[in-house]
Amino acid sequence: MPKFQRVRASKVGLPPGTLVHIGDMRADKAYISVVQYDGDIFTETKGVLANDLTKLTVKSGVTWINVKGLNSTAVETIGQQYNIHPLVLEDILNTDQRPKLEDYGDYLCVIIKSLNMANGAVDYETEQVSLILGANYVISFLESLPEERDVFAGIYERIKSGRGKIRKLGADYLLYALIDSVVDHYFLVLEHLGEKIEMVEDQIVVQPRPEVLHELHVLKHDMLFMRKSVWPVRELISRLERGEAAHIEESTLIYLRDVYDHAIQVIETIEIYRDMLSGMMDIYLSSISNRMSEVMKMLTIISTIFIPLTFIAGVYGMNFANMPELAWEYGYPFIMSAMLGLALIMVRYFRQKRWL
Amino acid sequence: MPKFQRVRASKVGLPPGTLVHIGDMRADKAYISVVQYDGDIFTETKGVLANDLTKLTVKSGVTWINVKGLNSTAVETIGQQYNIHPLVLEDILNTDQRPKLEDYGDYLCVIIKSLNMANGAVDYETEQVSLILGANYVISFLESLPEERDVFAGIYERIKSGRGKIRKLGADYLLYALIDSVVDHYFLVLEHLGEKIEMVEDQIVVQPRPEVLHELHVLKHDMLFMRKSVWPVRELISRLERGEAAHIEESTLIYLRDVYDHAIQVIETIEIYRDMLSGMMDIYLSSISNRMSEVMKMLTIISTIFIPLTFIAGVYGMNFANMPELAWEYGYPFIMSAMLGLALIMVRYFRQKRWL
Amino acid sequence: MPKFQRVRASKVGLPPGTLVHIGDMRADKAYISVVQYDGDIFTETKGVLANDLTKLTVKSGVTWINVKGLNSTAVETIGQQYNIHPLVLEDILNTDQRPKLEDYGDYLCVIIKSLNMANGAVDYETEQVSLILGANYVISFLESLPEERDVFAGIYERIKSGRGKIRKLGADYLLYALIDSVVDHYFLVLEHLGEKIEMVEDQIVVQPRPEVLHELHVLKHDMLFMRKSVWPVRELISRLERGEAAHIEESTLIYLRDVYDHAIQVIETIEIYRDMLSGMMDIYLSSISNRMSEVMKMLTIISTIFIPLTFIAGVYGMNFANMPELAWEYGYPFIMSAMLGLALIMVRYFRQKRWL
Amino acid sequence: MPKFQRVRASKVGLPPGTLVHIGDMRADKAYISVVQYDGDIFTETKGVLANDLTKLTVKSGVTWINVKGLNSTAVETIGQQYNIHPLVLEDILNTDQRPKLEDYGDYLCVIIKSLNMANGAVDYETEQVSLILGANYVISFLESLPEERDVFAGIYERIKSGRGKIRKLGADYLLYALIDSVVDHYFLVLEHLGEKIEMVEDQIVVQPRPEVLHELHVLKHDMLFMRKSVWPVRELISRLERGEAAHIEESTLIYLRDVYDHAIQVIETIEIYRDMLSGMMDIYLSSISNRMSEVMKMLTIISTIFIPLTFIAGVYGMNFANMPELAWEYGYPFIMSAMLGLALIMVRYFRQKRWL
Amino acid sequence: MPKFQRVRASKVGLPPGTLVHIGDMRADKAYISVVQYDGDIFTETKGVLANDLTKLTVKSGVTWINVKGLNSTAVETIGQQYNIHPLVLEDILNTDQRPKLEDYGDYLCVIIKSLNMANGAVDYETEQVSLILGANYVISFLESLPEERDVFAGIYERIKSGRGKIRKLGADYLLYALIDSVVDHYFLVLEHLGEKIEMVEDQIVVQPRPEVLHELHVLKHDMLFMRKSVWPVRELISRLERGEAAHIEESTLIYLRDVYDHAIQVIETIEIYRDMLSGMMDIYLSSISNRMSEVMKMLTIISTIFIPLTFIAGVYGMNFANMPELAWEYGYPFIMSAMLGLALIMVRYFRQKRWL
């Protein structure tokens, strides 16, 4: 289960803009790759040093700087080269940031959470993705290490192969494509969780086991986490889509509206899953009640039939000197028949009450 | 139970506007019929090829192109002929789309979910309905196959017979009529579910069986699904009805307001049904508690009366050499009377406590 | 219990504006009475034919046309005479309409639900009330039959007797008075339900019976129904009160604000009753748990005391040849005392645990 | 418990503005006292007749007319003297009014509910307070009788003694002071209820008794009632504080903002108490479950240990002619040891399962 | 557990602006320290008297007056020197104030609640922090005593050491830094509570003890309290950040936006914790039900197997003269085998029902 609050205690008291990495994966160094393209050209430079970045940014075409591994020195150097506000750099390094959009006029800063199942993992991973959109460049910061397949691998391949119109459009379209890729990966995780939910649902209907309780709890937790991650993304894309942000051209708005619709769909599905999970909780509790009620009936029927009979047998086991029935010739079969009759009356009574 | 999230995984990583059909019913080919009418004329051409569509669209009167069966090639061809944006075509093919309205200036795109019980089915079916409104034409895309009676059959008959004023009004009125028909079919499904709910309600009051739990769960699921389908429709019609969309004339607004009222009524009824279902869940749980309490009382009364009596019988069954009572002449009847007295006191106590 | 969704299936597929009555009470004919008044004059014509209405409408003063019994022919004729839009007439006849206000410029259409207990009924009745406000006339449509006392009887008597200032004011004040009368009747029904709720509340506190469950369910249902009926009325009056509607003069706004306050009070009371009802459900469930817990304690105390004693008695009932205790002179009283001691220890233990 | 809906039935059908008192305390006569003051002067006239009021209102300084006891004749006379709209007078007399603010241009009408614990009562009392603010006068109407200490007693003393700046400011400040006094009394009642809640909370944690259920129910009821009374007051003060109302000078707005903050604090505390109460309900239900579970364990342990032992004793109590064990020399001690062993195994099993 | 409503009763009836301290910690005297700085200079004066403050405020640079210990005389003197409205002074002294922002033009008043764990406490402490921002000064009022480490200690050290840019910026930046420090401390408390929640969560999954119930209750209470404290802070910072308040320069807005994001993150985390806590409550209740169901099964299995066997043993313990089976040679082993057979059938039945 992902945690909701990482250790920020180490940062309390420091001035704002202090670049200390807060998060789980501390990278020793950042691995920077630069992709430059327009309709015709495609060049790629790997393992670039942070100091050399501005030299590489071309005037024409789009420059995409992909930074993998959050390292405070590298982030600071990049920040100086592109004149990025220290608060933004701080937000990039604090990976427990709430998804947000900040418009600084010269550049736009988008911070979102990506959920990823691409690495063949049994469960999804979460990382913070920070995007800086300048006039003709996009800088993306990822927590994941260079050797891992990241959420942007598909975009990279599309640019390289020249599929779609990404090569013909500007840096704002690249920003859209990156956000769209993150939102598309939400669907993958949702599907995975949806399958789990259906599996648990089937188990509850067939044979409710106590483990189901724990699984429901974990799934609820996952939904809370996803909602926390996705909800502000919707808000953020909505602000982008309204077209007030810097560097976003009007032709891109239609695509942003599309990804906005997807974000809403993700949120609606999360809400529905939450509804379903609490419904399943109710069903589970009812099943337990039902089974307990069944167990109690069993006990009651057996007890109610045999306790009076055992009493009668006890009576005739008493050692009183003067108990005339004991001497009767047919006392024993008579009493046995009386007991049988009593048992039958009981059974009939339970049938009437629909307990049997 | 309808699923909430279809498999989109195959699409992740593809550029936006890639036309891949996502959904359950993949049609081998699209079956296109064209209806053209004005106050006087009514012509109908069946089995039209996608390439011939623009030739058929007349200047005067309204052209209604009804496409049954979603086939990506056909949709692409139609899109090219009418200059429709690739994102719209993608939305038409992805049948897990959230209902939405997009105004592209030249044309309007409306995507809604229809719920249909018309095919004599025991349960309702859902399909995505996409509508394109141009200057004097409406294109409707349906998932259902040509041989099935679709939700627009009534509209077709009204146009053919010239009933109502549909023949005298423009393409925007046709759009309204198609949306109205979809919303009217919601009422049919709601009625069907309403009857089911009342049936389950009666069962719960009379004799709650464990199966009721499952039925309640399925009905709740249905309500979640309907709410997901209908809620955005309300929003969408509201935007249409405010009169800002292209090609919608003012005389049609009054009708849109009417269908908006119907959509709200559907939503209100869904909410009320949801409220009723959770109320019924409570009633069901209470009934189980009630019955269990009754069972427990039965057990307690029988046990509490007979356990002490059995103990007494046990005492006089002991084999001590020196037990003077055993030798008394009237020991046996005396002890039996004492037991009866004890039982009567117990019964009286239970009566006082209102357990009997 | 009132139903939430009447059978509309018969209407699906018909063009909008088709006048088919949907509802429970189908009237064979409409009974129309016309009241005309100003400060000085009061005339009343009963049993008017729908065709003669326009002749009767006077220039000066206010004309109130009260139509009792919904008959589609009559409604259509009236509609033609006063130039009313077919959609409005359709709404008047469909008595499962959501309360609404439509401003057609020439006239205003108000549709609300009245709840009525006036006919000495044990339970309230609901009917749809449709009001048309023109320049100097009000047409009211009621479902109830002429021989029944309707919700407008008080208004009629006020006009006739000249009490209040209704005779001095215009048709818009009459509209207000009619709406006010409907809202006033909501209070009557609320009071009735409030008394029922208090009765059930008292029963729950004193002695919870299983029937209470059903009564709570019915009351919850009633509240859902009332909320559905009254909520849109608030909205509707609010729009009237903002003074944008046709034919509403400013001097009437102050009265509309008053009835708006009443509508809010009705809604607040409904919400409070709903809160109380779910609180009572909780109390009821807790009482059952409490009583069950009490029953269980009883059983446990009796069993825990007597089961060990019975075991001891059983031991000394064994027929072993060599059981020295059996031969002791004071074996019997000794064992009996030991049993008593054990029972007392048990009782003390239960006292300590506060079970006794 | 206060009731939510008083008997309005007697008013249904009467024209608006009909002055009939609806409420619990019907006063035989109104007791009117007039206080007039400015920075220098303070005069007080007690037992004034309603007809003489206008003569008493001075041009300079502030006149405060305090009417105790709602008597329809007196209210009507005052209304005529100060030209107050009949609807306002009706609202003053109907003491089940929703708190509201009406701006009639010439004067302002504020109706609120006061909650009062000042009369040494064990529980709080509620009364309707109506305030009319004119150019240089305030009329206050109270339900309470002259001999009771009312919520305005503190204000009267402040004016008399000249403490604070009330004597230097206008009638609008007096209105503020009166509202502030009502809101301050809410805190007293809240504190009283808060103490009750904490008492019940302690009881639930220590030893949950069934009576707690009833106390929780009453407290929930109280909270519903307070919310109903206070919620509209917030709204009302907010409207006053926005400075659009007649006769409210700008210098008073800052004080109104202060009382607005207090009203919000009251509402927040009510919501928190409601949250706490439902949390306590859960705790209570869990405690019952817990105790029942404990009771059941007790029963199960005793039964599970002794039922098999009793069976064994029963076996050796059988009277078969040929039971070799019975004749064994050490049969009795052997069987007793076997029983002890079985009991020990059982105890160990329960320890393992952590039931002991 | 912190209380939600402190004793205000002593203040009811006093005129607004009366300076009476309401709160837990009454300070005998206030301890005032003055820090003055700009880019170059840093001077600090400790133990200043309230009367000497204005003399100390410099024209250039920023003056920070930190008042520790709320003493009404000191607060009044400071208020007179800086011309602060009596209502503000009253709010500073009433430490049960709702967090708020008041803009008086000349100065800005911010009142917030700080939550502090810095004093090595096992649990967090709450105090009211009041901030006055003037043209070039900030006055901060703290409830804590001079010897305690307060929430502003970090800011003081940053100014002293000249770290960050606080020395180069104005009084508005100091205000931001102080608010930021308070919000940062919220994270510390949240982390502490988050760890507690996880500990309780683990316990519930492993072995639910009844004490868990109480811990959940206390944590819920804490969350209610934090929400009450933090929610208005969000609102307040939002108003500051919109840039309408006096003395706030535009360059500071970007920092306020940052602290606004933090406040939202705190609130979101609180809401998630609340969600988790009620989820844990459900899990706990289900576990109890589960265990009770297990206990009941145990009892039922043992009883259902042995009660019939005991009955059979009882039958052959009867003393009838004529019981032929008793005389049979192999009667005893036969009956014992029959009993064993019956027990095995029972066990098999329970296995089939999956109770074993």
# chains A, B, ... in the order shown; residues from 1 in each chain; ligands from 1

$ closest_atom_pairs --of "chain E" --to "chain B" --cutoff "10 Å" --atoms "only C-alpha atoms" --output "tab-separated table"
residue	atom	partner	partner_atom	distance
E:Gly314	CA	B:Gly314	CA	9.8
E:Gly317	CA	B:Gly317	CA	8.8
E:Met318	CA	B:Gly317	CA	9.0
E:Asn319	CA	B:Gly317	CA	9.5

$ residues_around --residues "segment 28-37 of chain C" --least-positions-apart "5" --cutoff "9 Å" --atoms "only C-alpha atoms" --output "JSON, numbers by chain"
{"C": [42, 43, 44, 45, 46, 47, 48, 49, 50, 53, 56, 57, 58, 60, 61, 62, 63, 64, 65, 66, 67, 68, 69, 70, 71, 72, 73, 74, 75, 137, 145, 146, 156, 159, 160, 167, 168]}

$ select_by_dssp --residues "segment 55-169 of chain D" --states "alpha helix (DSSP H)" --output "PyMOL selection string"
chain D and resi 55-56+72-81+86-93+153-161

$ write_last_selection --atoms "N, CA, C and O atoms" --output "tab-separated table (two decimals), in the first residue's frame"
chain	number	residue	atom	x	y	z
D	55	LYS	N	-45.67	58.83	19.38
D	55	LYS	CA	-45.45	60.09	20.12
D	55	LYS	C	-44.11	60.05	20.85
D	55	LYS	O	-43.44	61.06	21.00
D	56	LEU	N	-43.75	58.82	21.31
D	56	LEU	CA	-42.56	58.70	22.14
D	56	LEU	C	-41.26	58.72	21.33
D	56	LEU	O	-40.21	59.07	21.86
D	72	SER	N	-51.63	39.62	19.37
D	72	SER	CA	-51.88	40.04	17.99
D	72	SER	C	-52.40	41.48	17.90
D	72	SER	O	-52.04	42.22	16.99
D	73	THR	N	-53.21	41.91	18.86
D	73	THR	CA	-53.74	43.28	18.82
D	73	THR	C	-52.61	44.29	18.95
D	73	THR	O	-52.51	45.25	18.17
D	74	ALA	N	-51.73	44.04	19.90
D	74	ALA	CA	-50.62	44.97	20.12
D	74	ALA	C	-49.73	45.03	18.89
D	74	ALA	O	-49.34	46.11	18.42
D	75	VAL	N	-49.40	43.85	18.35
D	75	VAL	CA	-48.53	43.81	17.18
D	75	VAL	C	-49.17	44.58	16.02
D	75	VAL	O	-48.51	45.34	15.32
D	76	GLU	N	-50.48	44.41	15.86
D	76	GLU	CA	-51.16	45.08	14.77
D	76	GLU	C	-51.11	46.60	14.96
D	76	GLU	O	-50.83	47.35	14.03
D	77	THR	N	-51.35	47.05	16.18
D	77	THR	CA	-51.32	48.48	16.47
D	77	THR	C	-49.93	49.06	16.20
D	77	THR	O	-49.78	50.12	15.55
D	78	ILE	N	-48.91	48.37	16.68
D	78	ILE	CA	-47.54	48.85	16.45
D	78	ILE	C	-47.27	48.90	14.96
D	78	ILE	O	-46.70	49.87	14.43
D	79	GLY	N	-47.73	47.84	14.25
D	79	GLY	CA	-47.54	47.78	12.80
D	79	GLY	C	-48.14	48.98	12.11
D	79	GLY	O	-47.54	49.60	11.22
D	80	GLN	N	-49.35	49.38	12.52
D	80	GLN	CA	-50.01	50.53	11.91
D	80	GLN	C	-49.24	51.81	12.18
D	80	GLN	O	-49.06	52.65	11.31
D	81	GLN	N	-48.75	51.94	13.41
D	81	GLN	CA	-48.05	53.18	13.79
D	81	GLN	C	-46.76	53.36	13.01
D	81	GLN	O	-46.38	54.47	12.67
D	86	PRO	N	-48.18	44.00	6.45
D	86	PRO	CA	-48.89	42.93	7.16
D	86	PRO	C	-48.14	41.59	7.15
D	86	PRO	O	-48.20	40.84	8.12
D	87	LEU	N	-47.42	41.29	6.03
D	87	LEU	CA	-46.69	40.01	5.99
D	87	LEU	C	-45.64	39.95	7.09
D	87	LEU	O	-45.40	38.88	7.66
D	88	VAL	N	-45.01	41.07	7.38
D	88	VAL	CA	-44.01	41.12	8.44
D	88	VAL	C	-44.68	40.85	9.79
D	88	VAL	O	-44.19	40.05	10.60
D	89	LEU	N	-45.81	41.51	10.00
D	89	LEU	CA	-46.53	41.33	11.27
D	89	LEU	C	-46.94	39.87	11.43
D	89	LEU	O	-46.85	39.27	12.51
D	90	GLU	N	-47.39	39.27	10.32
D	90	GLU	CA	-47.77	37.86	10.34
D	90	GLU	C	-46.57	37.00	10.75
D	90	GLU	O	-46.68	36.09	11.57
D	91	ASP	N	-45.41	37.31	10.15
D	91	ASP	CA	-44.20	36.53	10.46
D	91	ASP	C	-43.81	36.67	11.93
D	91	ASP	O	-43.33	35.73	12.56
D	92	ILE	N	-44.02	37.89	12.48
D	92	ILE	CA	-43.67	38.11	13.89
D	92	ILE	C	-44.54	37.23	14.79
D	92	ILE	O	-44.07	36.66	15.77
D	93	LEU	N	-45.81	37.08	14.42
D	93	LEU	CA	-46.73	36.30	15.25
D	93	LEU	C	-46.59	34.80	15.06
D	93	LEU	O	-46.83	34.02	15.98
D	153	ALA	N	-31.25	41.31	28.29
D	153	ALA	CA	-31.04	41.97	29.58
D	153	ALA	C	-29.66	42.62	29.67
D	153	ALA	O	-29.51	43.74	30.18
D	154	GLY	N	-28.65	41.91	29.12
D	154	GLY	CA	-27.29	42.44	29.17
D	154	GLY	C	-27.16	43.74	28.38
D	154	GLY	O	-26.48	44.69	28.80
D	155	ILE	N	-27.81	43.81	27.24
D	155	ILE	CA	-27.75	45.00	26.39
D	155	ILE	C	-28.37	46.20	27.13
D	155	ILE	O	-27.83	47.30	27.15
D	156	TYR	N	-29.53	45.92	27.76
D	156	TYR	CA	-30.23	46.96	28.50
D	156	TYR	C	-29.31	47.55	29.58
D	156	TYR	O	-29.21	48.77	29.74
D	157	GLU	N	-28.61	46.65	30.28
D	157	GLU	CA	-27.73	47.13	31.35
D	157	GLU	C	-26.56	47.93	30.80
D	157	GLU	O	-26.12	48.89	31.41
D	158	ARG	N	-26.05	47.48	29.65
D	158	ARG	CA	-24.94	48.21	29.04
D	158	ARG	C	-25.36	49.62	28.64
D	158	ARG	O	-24.62	50.59	28.84
D	159	ILE	N	-26.57	49.74	28.08
D	159	ILE	CA	-27.06	51.07	27.69
D	159	ILE	C	-27.24	51.93	28.93
D	159	ILE	O	-26.81	53.09	28.98
D	160	LYS	N	-27.87	51.34	29.94
D	160	LYS	CA	-28.18	52.09	31.15
D	160	LYS	C	-26.90	52.61	31.82
D	160	LYS	O	-26.79	53.79	32.18
D	161	SER	N	-25.92	51.71	31.93
D	161	SER	CA	-24.68	52.09	32.63
D	161	SER	C	-23.76	52.90	31.73
D	161	SER	O	-22.80	53.51	32.21

$ residues_around --residues "Tyr332 of chain A" --least-positions-apart "4" --cutoff "9 Å" --atoms "only C-alpha atoms" --output "VMD selection string"
(chain A and resid 325 to 326 328 336 to 337) or (chain E and resid 318 320 to 323)

$ residues_around --residues "segment 301-310 of chain D" --least-positions-apart "3" --cutoff "10 Å" --atoms "only C-alpha atoms" --output "ChimeraX atom specification"
/C:300,303-305,307-315 /D:296-298,313-315,336,338-340,342-347,350,355-356 /E:295,298-303,305-307,309-310,313

$ atom_distance --atom1 "atom CA of Val189 of chain D" --atom2 "atom CA of Leu19 of chain E"
22.9 Å

$ residues_around --residues "segment 232-236 of chain B" --least-positions-apart "6" --cutoff "7 Å" --atoms "only C-alpha atoms" --output "MDAnalysis selection string"
chainID B and resid 99:101 112 260 263:264

$ write_last_selection --atoms "C-alpha atoms" --output "mmCIF file, in the first residue's frame"
data_model
loop_
_atom_site.group_PDB
_atom_site.id
_atom_site.type_symbol
_atom_site.label_atom_id
_atom_site.label_comp_id
_atom_site.auth_asym_id
_atom_site.auth_seq_id
_atom_site.Cartn_x
_atom_site.Cartn_y
_atom_site.Cartn_z
ATOM 1 C CA PRO B 99 -21.120 11.043 -23.282
ATOM 2 C CA LYS B 100 -20.062 14.427 -24.612
ATOM 3 C CA LEU B 101 -20.805 17.355 -26.876
ATOM 4 C CA ILE B 112 -24.441 9.421 -25.850
ATOM 5 C CA TYR B 260 -33.580 18.333 -20.608
ATOM 6 C CA ALA B 263 -33.097 13.809 -18.453
ATOM 7 C CA ILE B 264 -33.356 15.428 -15.021
#

$ decode --residues "segment 322-343 of chain E" --atoms "N, CA and C atoms" --output "mmCIF file, in the first residue's frame"
data_model
loop_
_atom_site.group_PDB
_atom_site.id
_atom_site.type_symbol
_atom_site.label_atom_id
_atom_site.label_comp_id
_atom_site.auth_asym_id
_atom_site.auth_seq_id
_atom_site.Cartn_x
_atom_site.Cartn_y
_atom_site.Cartn_z
ATOM 1 N N ASN E 322 -37.742 -53.303 32.789
ATOM 2 C CA ASN E 322 -37.768 -54.119 31.585
ATOM 3 C C ASN E 322 -37.125 -53.385 30.417
ATOM 4 N N MET E 323 -35.771 -53.413 30.322
ATOM 5 C CA MET E 323 -35.103 -52.828 29.167
ATOM 6 C C MET E 323 -34.208 -53.891 28.555
ATOM 7 N N PRO E 324 -34.748 -54.627 27.574
ATOM 8 C CA PRO E 324 -34.047 -55.826 27.089
ATOM 9 C C PRO E 324 -32.611 -55.537 26.630
ATOM 10 N N GLU E 325 -32.346 -54.352 25.972
ATOM 11 C CA GLU E 325 -30.996 -54.100 25.455
ATOM 12 C C GLU E 325 -29.940 -54.202 26.559
ATOM 13 N N LEU E 326 -30.320 -53.790 27.763
ATOM 14 C CA LEU E 326 -29.350 -53.743 28.848
ATOM 15 C C LEU E 326 -28.790 -55.126 29.151
ATOM 16 N N ALA E 327 -29.597 -56.124 28.880
ATOM 17 C CA ALA E 327 -29.182 -57.478 29.222
ATOM 18 C C ALA E 327 -28.367 -58.153 28.116
ATOM 19 N N TRP E 328 -28.395 -57.569 26.913
ATOM 20 C CA TRP E 328 -27.669 -58.173 25.792
ATOM 21 C C TRP E 328 -26.180 -58.270 26.107
ATOM 22 N N GLU E 329 -25.579 -59.293 25.623
ATOM 23 C CA GLU E 329 -24.148 -59.512 25.853
ATOM 24 C C GLU E 329 -23.339 -58.355 25.275
ATOM 25 N N TYR E 330 -23.648 -58.014 23.997
ATOM 26 C CA TYR E 330 -22.853 -56.969 23.330
ATOM 27 C C TYR E 330 -23.600 -55.647 23.209
ATOM 28 N N GLY E 331 -24.574 -55.455 24.111
ATOM 29 C CA GLY E 331 -25.352 -54.197 24.084
ATOM 30 C C GLY E 331 -24.443 -52.980 24.217
ATOM 31 N N TYR E 332 -23.519 -53.046 25.163
ATOM 32 C CA TYR E 332 -22.661 -51.888 25.447
ATOM 33 C C TYR E 332 -21.778 -51.546 24.244
ATOM 34 N N PRO E 333 -20.947 -52.515 23.730
ATOM 35 C CA PRO E 333 -20.133 -52.141 22.561
ATOM 36 C C PRO E 333 -20.983 -51.736 21.358
ATOM 37 N N PHE E 334 -22.155 -52.330 21.211
ATOM 38 C CA PHE E 334 -23.009 -51.984 20.076
ATOM 39 C C PHE E 334 -23.442 -50.514 20.163
ATOM 40 N N ILE E 335 -23.904 -50.132 21.336
ATOM 41 C CA ILE E 335 -24.366 -48.758 21.504
ATOM 42 C C ILE E 335 -23.195 -47.777 21.339
ATOM 43 N N MET E 336 -22.027 -48.162 21.891
ATOM 44 C CA MET E 336 -20.861 -47.286 21.754
ATOM 45 C C MET E 336 -20.511 -47.098 20.274
ATOM 46 N N SER E 337 -20.588 -48.162 19.479
ATOM 47 C CA SER E 337 -20.296 -48.062 18.053
ATOM 48 C C SER E 337 -21.345 -47.188 17.351
ATOM 49 N N ALA E 338 -22.588 -47.359 17.762
ATOM 50 C CA ALA E 338 -23.650 -46.544 17.154
ATOM 51 C C ALA E 338 -23.375 -45.060 17.418
ATOM 52 N N MET E 339 -22.965 -44.773 18.657
ATOM 53 C CA MET E 339 -22.646 -43.384 19.014
ATOM 54 C C MET E 339 -21.499 -42.860 18.156
ATOM 55 N N LEU E 340 -20.467 -43.665 18.016
ATOM 56 C CA LEU E 340 -19.324 -43.259 17.206
ATOM 57 C C LEU E 340 -19.769 -42.985 15.769
ATOM 58 N N GLY E 341 -20.615 -43.904 15.255
ATOM 59 C CA GLY E 341 -21.123 -43.727 13.880
ATOM 60 C C GLY E 341 -21.856 -42.405 13.745
ATOM 61 N N LEU E 342 -22.738 -42.114 14.703
ATOM 62 C CA LEU E 342 -23.510 -40.860 14.673
ATOM 63 C C LEU E 342 -22.573 -39.655 14.678
ATOM 64 N N ALA E 343 -21.547 -39.719 15.538
ATOM 65 C CA ALA E 343 -20.587 -38.613 15.614
ATOM 66 C C ALA E 343 -19.886 -38.425 14.267
#
